[in-house]
>>> print(open('coords.tsv').read())   # TSV, C-alpha atoms
chain	number	residue	atom	x	y	z
L	4	MET	CA	-250.42	77.81	-55.80
L	5	ALA	CA	-249.22	74.30	-56.59
L	6	ARG	CA	-246.33	75.68	-58.65
L	7	LYS	CA	-245.33	78.00	-55.81
L	8	ALA	CA	-245.43	75.10	-53.33
L	9	ASN	CA	-243.27	72.96	-55.61
L	10	THR	CA	-240.82	75.80	-56.10
L	11	GLY	CA	-240.62	76.39	-52.36
L	12	SER	CA	-239.94	72.73	-51.61
L	13	GLY	CA	-237.31	72.64	-54.37
L	14	ASP	CA	-235.55	75.70	-52.95
L	15	ALA	CA	-235.61	74.18	-49.46
L	16	ALA	CA	-234.09	70.95	-50.81
L	17	ASN	CA	-231.36	72.87	-52.61
L	18	GLN	CA	-230.56	74.89	-49.50
L	19	GLY	CA	-230.38	71.65	-47.50
L	20	ARG	CA	-227.89	70.18	-49.98
L	21	LEU	CA	-225.77	73.31	-49.92
L	22	LYS	CA	-225.70	73.27	-46.11
L	23	GLN	CA	-224.72	69.60	-46.18
L	24	ILE	CA	-221.90	70.29	-48.65
L	25	ALA	CA	-220.68	73.22	-46.55
L	26	LEU	CA	-220.75	71.08	-43.40
L	27	THR	CA	-218.86	68.28	-45.15
L	28	TYR	CA	-216.27	70.76	-46.40
L	29	LYS	CA	-215.71	72.18	-42.91
L	30	MET	CA	-215.31	68.69	-41.47
L	31	THR	CA	-212.92	67.67	-44.24
L	32	ARG	CA	-210.86	70.85	-43.95
L	33	LYS	CA	-210.15	70.14	-40.28
L	34	ALA	CA	-208.47	66.86	-41.19
L	35	ASP	CA	-207.24	67.94	-44.63
L	36	PRO	CA	-206.38	71.67	-44.68
L	37	LYS	CA	-205.31	71.55	-48.35
L	38	VAL	CA	-208.60	70.13	-49.64
L	39	GLY	CA	-209.78	73.50	-51.02
L	40	LEU	CA	-206.54	74.15	-52.93
L	41	VAL	CA	-206.41	70.62	-54.31
L	42	VAL	CA	-210.02	70.63	-55.51
L	43	ALA	CA	-209.69	74.10	-57.04
L	44	GLY	CA	-206.42	73.12	-58.71
L	45	VAL	CA	-208.01	70.06	-60.28
L	46	GLY	CA	-210.85	72.16	-61.66
L	47	ILE	CA	-208.48	74.78	-63.13
L	48	VAL	CA	-206.26	72.16	-64.74
L	49	VAL	CA	-209.17	70.31	-66.36
L	50	LEU	CA	-210.76	73.52	-67.63
L	51	GLY	CA	-207.40	74.82	-68.89
L	52	VAL	CA	-206.63	71.62	-70.79
L	53	LEU	CA	-210.03	71.58	-72.50
L	54	LEU	CA	-209.74	75.27	-73.41
L	55	ALA	CA	-206.30	74.70	-74.89
L	56	ILE	CA	-207.65	71.84	-76.97
L	57	GLY	CA	-210.56	74.05	-78.03
L	58	PHE	CA	-208.24	76.78	-79.32
L	59	LEU	CA	-206.17	74.21	-81.18
L	60	ILE	CA	-209.17	72.77	-83.01
L	61	GLY	CA	-210.84	76.16	-83.48
L	62	HIS	CA	-213.82	75.63	-81.15
L	63	PRO	CA	-212.90	77.33	-77.85
L	64	VAL	CA	-216.54	78.04	-76.87
L	65	TYR	CA	-217.71	74.43	-77.14
L	66	ALA	CA	-214.53	73.15	-75.52
L	67	GLY	CA	-214.93	75.72	-72.74
L	68	ILE	CA	-218.48	74.56	-71.98
L	69	LEU	CA	-217.39	70.91	-72.00
L	70	GLY	CA	-214.34	71.79	-69.91
L	71	PHE	CA	-216.48	73.58	-67.34
L	72	ILE	CA	-218.76	70.54	-66.96
L	73	LEU	CA	-215.84	68.11	-66.74
L	74	ALA	CA	-214.05	70.38	-64.28
L	75	LEU	CA	-217.08	70.36	-61.96
L	76	LEU	CA	-217.29	66.57	-62.26
L	77	ALA	CA	-213.58	66.12	-61.50
L	78	MET	CA	-213.80	68.50	-58.54
L	79	ALA	CA	-216.79	66.58	-57.13
L	80	ILE	CA	-214.97	63.26	-57.46
L	81	ILE	CA	-211.77	64.50	-55.82
L	82	PHE	CA	-213.67	66.25	-53.04
L	83	GLY	CA	-215.74	63.13	-52.39
L	84	ARG	CA	-212.65	60.94	-52.09
L	85	ARG	CA	-210.82	63.32	-49.77
L	86	ALA	CA	-213.95	63.81	-47.64
L	87	GLU	CA	-214.33	60.04	-47.34
L	88	ARG	CA	-210.66	59.70	-46.39
L	89	ALA	CA	-211.03	62.42	-43.76
L	90	ALA	CA	-214.13	60.77	-42.33
L	91	PHE	CA	-212.37	57.41	-42.04
L	92	GLY	CA	-209.38	59.12	-40.43
L	93	GLN	CA	-211.61	60.64	-37.75
L	94	MET	CA	-213.46	57.36	-37.14
L	95	GLU	CA	-210.40	55.13	-37.04
L	96	GLY	CA	-209.67	53.90	-33.54
L	97	GLN	CA	-213.07	54.98	-32.22
L	98	PRO	CA	-215.32	52.30	-30.67
L	99	GLY	CA	-218.09	51.30	-33.06
L	100	ALA	CA	-216.35	52.67	-36.17
L	101	ALA	CA	-216.63	49.33	-37.98
L	102	ALA	CA	-220.37	49.19	-37.27
L	103	ALA	CA	-220.78	52.62	-38.89
L	104	VAL	CA	-218.94	51.39	-41.99
L	105	LEU	CA	-221.08	48.24	-42.18
L	106	GLN	CA	-224.26	50.32	-42.14
L	107	ASN	CA	-223.12	51.82	-45.46
L	108	VAL	CA	-221.83	48.72	-47.26
L	109	GLY	CA	-224.71	48.83	-49.70
L	110	ARG	CA	-227.88	47.04	-50.72
L	111	GLY	CA	-228.11	43.31	-50.20
L	112	TRP	CA	-226.38	43.30	-46.82
L	113	THR	CA	-228.09	42.96	-43.45
L	114	THR	CA	-225.98	44.25	-40.58
L	115	THR	CA	-226.28	43.41	-36.88
L	116	PRO	CA	-223.88	45.40	-34.68
L	117	ALA	CA	-222.26	43.97	-31.54
L	118	VAL	CA	-223.30	40.32	-31.76
L	119	ALA	CA	-220.48	39.51	-29.33
L	120	MET	CA	-218.45	41.55	-26.86
L	121	ASN	CA	-216.13	40.96	-23.92
L	122	ARG	CA	-215.39	42.95	-20.78
L	123	ASN	CA	-212.56	44.81	-22.57
L	124	GLN	CA	-215.13	46.04	-25.10
L	125	ASP	CA	-213.62	44.12	-27.99
L	126	VAL	CA	-216.62	43.67	-30.25
L	127	VAL	CA	-217.78	41.58	-33.21
L	128	HIS	CA	-220.36	42.79	-35.72
L	129	ARG	CA	-222.19	40.61	-38.24
L	130	ALA	CA	-223.20	41.23	-41.84
L	131	VAL	CA	-225.12	38.78	-44.03
L	132	GLY	CA	-225.24	39.00	-47.81
L	133	ARG	CA	-224.73	37.08	-51.04
L	134	ALA	CA	-221.14	36.36	-50.01
L	135	GLY	CA	-222.34	34.63	-46.84
L	136	ILE	CA	-221.79	35.72	-43.26
L	137	VAL	CA	-219.04	38.25	-42.51
L	138	LEU	CA	-217.92	38.79	-38.93
L	139	VAL	CA	-216.16	42.13	-38.55
L	140	ALA	CA	-214.20	42.49	-35.32
L	141	GLU	CA	-212.58	45.54	-33.75
L	142	GLY	CA	-210.38	45.66	-30.68
L	143	ASN	CA	-207.33	43.71	-29.51
L	144	PRO	CA	-206.43	41.11	-32.20
L	145	ASN	CA	-205.38	38.43	-29.70
L	146	ARG	CA	-208.62	38.65	-27.74
L	147	LEU	CA	-210.69	38.96	-30.90
L	148	ARG	CA	-209.54	35.59	-32.23
L	149	THR	CA	-211.08	33.90	-29.20
L	150	LEU	CA	-214.24	35.96	-29.56
L	151	LEU	CA	-214.52	35.15	-33.26
L	152	ALA	CA	-213.97	31.42	-32.66
L	153	ALA	CA	-216.75	31.37	-30.06
L	154	GLU	CA	-219.14	33.21	-32.37
L	155	LYS	CA	-218.39	30.86	-35.28
L	156	LYS	CA	-218.95	27.82	-33.06
L	157	LYS	CA	-222.29	29.24	-31.95
L	158	MET	CA	-223.40	29.93	-35.54
L	159	ALA	CA	-222.22	26.54	-36.81
L	160	ARG	CA	-225.19	24.92	-35.08
L	161	ILE	CA	-227.61	27.20	-36.93
L	162	VAL	CA	-226.19	27.92	-40.40
L	163	VAL	CA	-224.09	24.92	-41.38
L	164	ASP	CA	-224.41	25.49	-45.13
L	165	VAL	CA	-223.42	29.19	-45.24
L	166	PRO	CA	-219.79	30.34	-45.69
L	167	VAL	CA	-218.43	32.45	-42.85
L	168	HIS	CA	-215.70	35.07	-43.33
L	169	ASP	CA	-214.01	37.12	-40.64
L	170	ILE	CA	-212.32	40.50	-40.78
L	171	ILE	CA	-210.23	42.02	-38.00
L	172	VAL	CA	-210.11	45.79	-38.40
L	173	GLY	CA	-206.67	47.32	-38.00
L	174	ASN	CA	-203.42	48.19	-39.71
L	175	GLY	CA	-201.37	45.18	-38.60
L	176	GLU	CA	-200.46	42.02	-40.48
L	177	GLY	CA	-203.51	40.02	-41.51
L	178	GLN	CA	-205.83	42.90	-40.63
L	179	VAL	CA	-207.97	45.11	-42.85
L	180	PRO	CA	-207.82	48.92	-42.50
L	181	LEU	CA	-211.15	50.55	-41.67
L	182	LYS	CA	-211.30	52.37	-45.01
L	183	LYS	CA	-210.93	49.06	-46.90
L	184	VAL	CA	-213.56	47.04	-45.02
L	185	ARG	CA	-216.37	47.91	-47.45
L	186	THR	CA	-214.22	47.22	-50.53
L	187	THR	CA	-213.05	43.90	-49.09
L	188	MET	CA	-216.62	42.78	-48.49
L	189	LEU	CA	-217.83	43.83	-51.92
L	190	LYS	CA	-215.00	41.82	-53.56
L	191	MET	CA	-216.05	38.60	-51.85
L	192	PRO	CA	-217.54	36.06	-54.29
L	193	ARG	CA	-221.32	35.84	-54.27
L	194	VAL	CA	-222.25	32.24	-53.58
L	195	LEU	CA	-225.76	32.51	-52.10
L	196	SER	CA	-229.08	33.19	-53.75
L	197	GLY	CA	-231.58	35.71	-52.44
L	198	PRO	CA	-233.76	33.08	-50.71
L	199	GLN	CA	-230.67	31.54	-49.08
L	200	VAL	CA	-229.66	34.93	-47.68
L	201	THR	CA	-233.17	35.45	-46.31
L	202	ALA	CA	-233.17	31.98	-44.72
L	203	ALA	CA	-229.77	32.59	-43.10
L	204	ASN	CA	-230.94	35.92	-41.69
L	205	ASP	CA	-234.09	34.33	-40.29
L	206	ARG	CA	-232.11	31.58	-38.57
L	207	LEU	CA	-229.63	34.04	-37.09
L	208	ARG	CA	-232.44	36.28	-35.82
L	209	ALA	CA	-234.02	33.27	-34.15
L	210	MET	CA	-230.67	32.57	-32.47
L	211	GLY	CA	-230.68	36.09	-31.08
L	212	ASP	CA	-227.74	38.41	-30.53
L	213	LEU	CA	-226.05	40.44	-27.83
L	214	MET	CA	-228.39	43.41	-28.01
L	215	SER	CA	-231.59	41.36	-27.93
L	216	ASN	CA	-230.45	38.94	-25.22
L	217	MET	CA	-228.94	41.45	-22.78
L	218	PRO	CA	-230.86	44.23	-20.98
L	219	LEU	CA	-228.43	46.94	-22.12
L	220	PRO	CA	-229.49	50.59	-22.10
L	221	LYS	CA	-229.89	52.28	-25.46
L	222	GLY	CA	-227.12	54.55	-26.70
L	223	PRO	CA	-223.37	54.42	-25.96
L	224	MET	CA	-222.18	52.02	-23.30
L	225	PRO	CA	-221.74	53.87	-19.97
L	226	LYS	CA	-218.16	54.28	-18.81
L	227	GLY	CA	-217.17	51.93	-16.02
L	228	MET	CA	-219.90	49.43	-16.88
L	229	ARG	CA	-218.85	45.95	-15.80
L	230	MET	CA	-219.36	43.00	-18.08
L	231	PRO	CA	-220.55	39.64	-16.71
L	232	ARG	CA	-217.96	37.22	-15.44
L	233	GLY	CA	-216.62	34.90	-18.05
L	234	GLY	CA	-215.39	37.75	-20.23
L	235	LYS	CA	-218.04	37.30	-22.90
L	236	MET	CA	-221.62	38.19	-23.63
L	237	ARG	CA	-223.75	35.71	-25.50
>>> encode(input="coords.tsv", output="structure tokens")
Amino acid sequence: MARKANTGSGDAANQGRLKQIALTYKMTRKADPKVGLVVAGVGIVVLGVLLAIGFLIGHPVYAGILGFILALLAMAIIFGRRAERAAFGQMEGQPGAAAAVLQNVGRGWTTTPAVAMNRNQDVVHRAVGRAGIVLVAEGNPNRLRTLLAAEKKKMARIVVDVPVHDIIVGNGEGQVPLKKVRTTMLKMPRVLSGPQVTAANDRLRAMGDLMSNMPLPKGPMPKGMRMPRGGKMR
């Protein structure tokens, strides 16, 4: 009975993965119609090269098996990259896209979305990790500079010994494209220890943020919602 239960759960997990892959493929194909041809082409080329080498050295069977494995690996890598590119393409320009990226930066980072926002819905998110504090802003660059300066001034009273970086998401000069936000953050030098990161997070939580200080409804911000006078939420 136990073996049957384990087999059933394993089959369900496999079916779930297959459904997820199929869903990802459909989503990617909408933004990248050639994804199927490219992935298949990569697999055929890798397998063909390994088979050719196998015939040359007199071991086509072993080379074919190795080629099949490497072809699957290459196809998975290429598909993953194109799916990621398609996902970023669909998110780019959408409100809250940067927050979604920050949620997947990786271990060691604590993310707080929408720590500051103005009436135009320009927004600043915060991430804390070994590199220090990173403020990631999305919206109009001119308005964001004012918003970032205000947020840095507010934090300076709480975390004076922690480096603060800022990123403005966009494709203009001095900005970071959405798809490169995660890479940019991971390349930042690690200057804090684990206890220092924890202490910084505790101090920032005590300071509060936009979501904890304002009685906003859960979920997406309703259209036509007016922000308080002054142009900024604190």
>>> closest_residue(input="coords.tsv", among="L:Ala103, L:Leu150, L:Met30, L:Ala74", to="Lys182 in chain L", atoms="all atoms listed in the file")
L:Ala103
>>> closest_residue(input="coords.tsv", among="L:Pro166, L:Val179, L:Ala159, L:Gln106", to="Glu141 in chain L", atoms="all atoms listed in the file")
L:Val179
>>> closest_residue(input="coords.tsv", among="L:Arg110, L:Lys157, L:Arg193, L:Arg84", to="Arg133 in chain L", atoms="only C-alpha atoms")
L:Arg193
>>> closest_residue(input="coords.tsv", among="L:Val42, L:Leu50, L:Val194, L:Ala130", to="Val104 in chain L", atoms="only C-alpha atoms")
L:Ala130
>>> atom_distance(input="coords.tsv", atom1="CA of Arg160 in chain L", atom2="CA of Ala100 in chain L")
29.1 Å
>>> atom_distance(input="coords.tsv", atom1="CA of Thr115 in chain L", atom2="CA of Arg129 in chain L")
5.1 Å
>>> atom_distance(input="coords.tsv", atom1="CA of Val45 in chain L", atom2="CA of Glu87 in chain L")
17.5 Å
>>> residues_near_point(input="coords.tsv", point="(-212.7, 71.9, -50.5)", cutoff="10 Å", atoms="only C-alpha atoms", output="ChimeraX atom specification")
/L:24-25,27-32,35-43,78-79,81-83,85-86
>>> residues_around(input="coords.tsv", residues="Gly67 in chain L", least_positions_apart="6", cutoff="9 Å", atoms="all atoms listed in the file", output="MDAnalysis selection string")
chainID L and resid 50:51 53:55 57
>>> closest_residue(input="coords.tsv", among="L:Lys22, L:Arg88, L:Lys33, L:Arg122", to="Asn143 in chain L", atoms="only C-alpha atoms")
L:Arg122
>>> residues_around(input="coords.tsv", residues="Val126 in chain L", least_positions_apart="4", cutoff="10 Å", atoms="only C-alpha atoms", output="ChimeraX atom specification")
/L:98-99,101-102,116-122,139-143,146-147,150-151,235-236
>>> residues_around(input="coords.tsv", residues="Ala203 in chain L", least_positions_apart="4", cutoff="8 Å", atoms="all atoms listed in the file", output="PyMOL selection string")
chain L and resi 131+162+165+199+207
>>> closest_residue(input="coords.tsv", among="L:Leu189, L:Thr114, L:Gly70, L:Ile170", to="Val48 in chain L", atoms="all atoms listed in the file")
L:Gly70
>>> axis_aligned_box(input="coords.tsv", around="range 114-132 of chain L", padding_each_side="4 Å", output="lines of an AutoDock Vina configuration file")
center_x = -219.4
center_y = 42.4
center_z = -34.3
size_x = 21.7
size_y = 15.3
size_z = 35.0
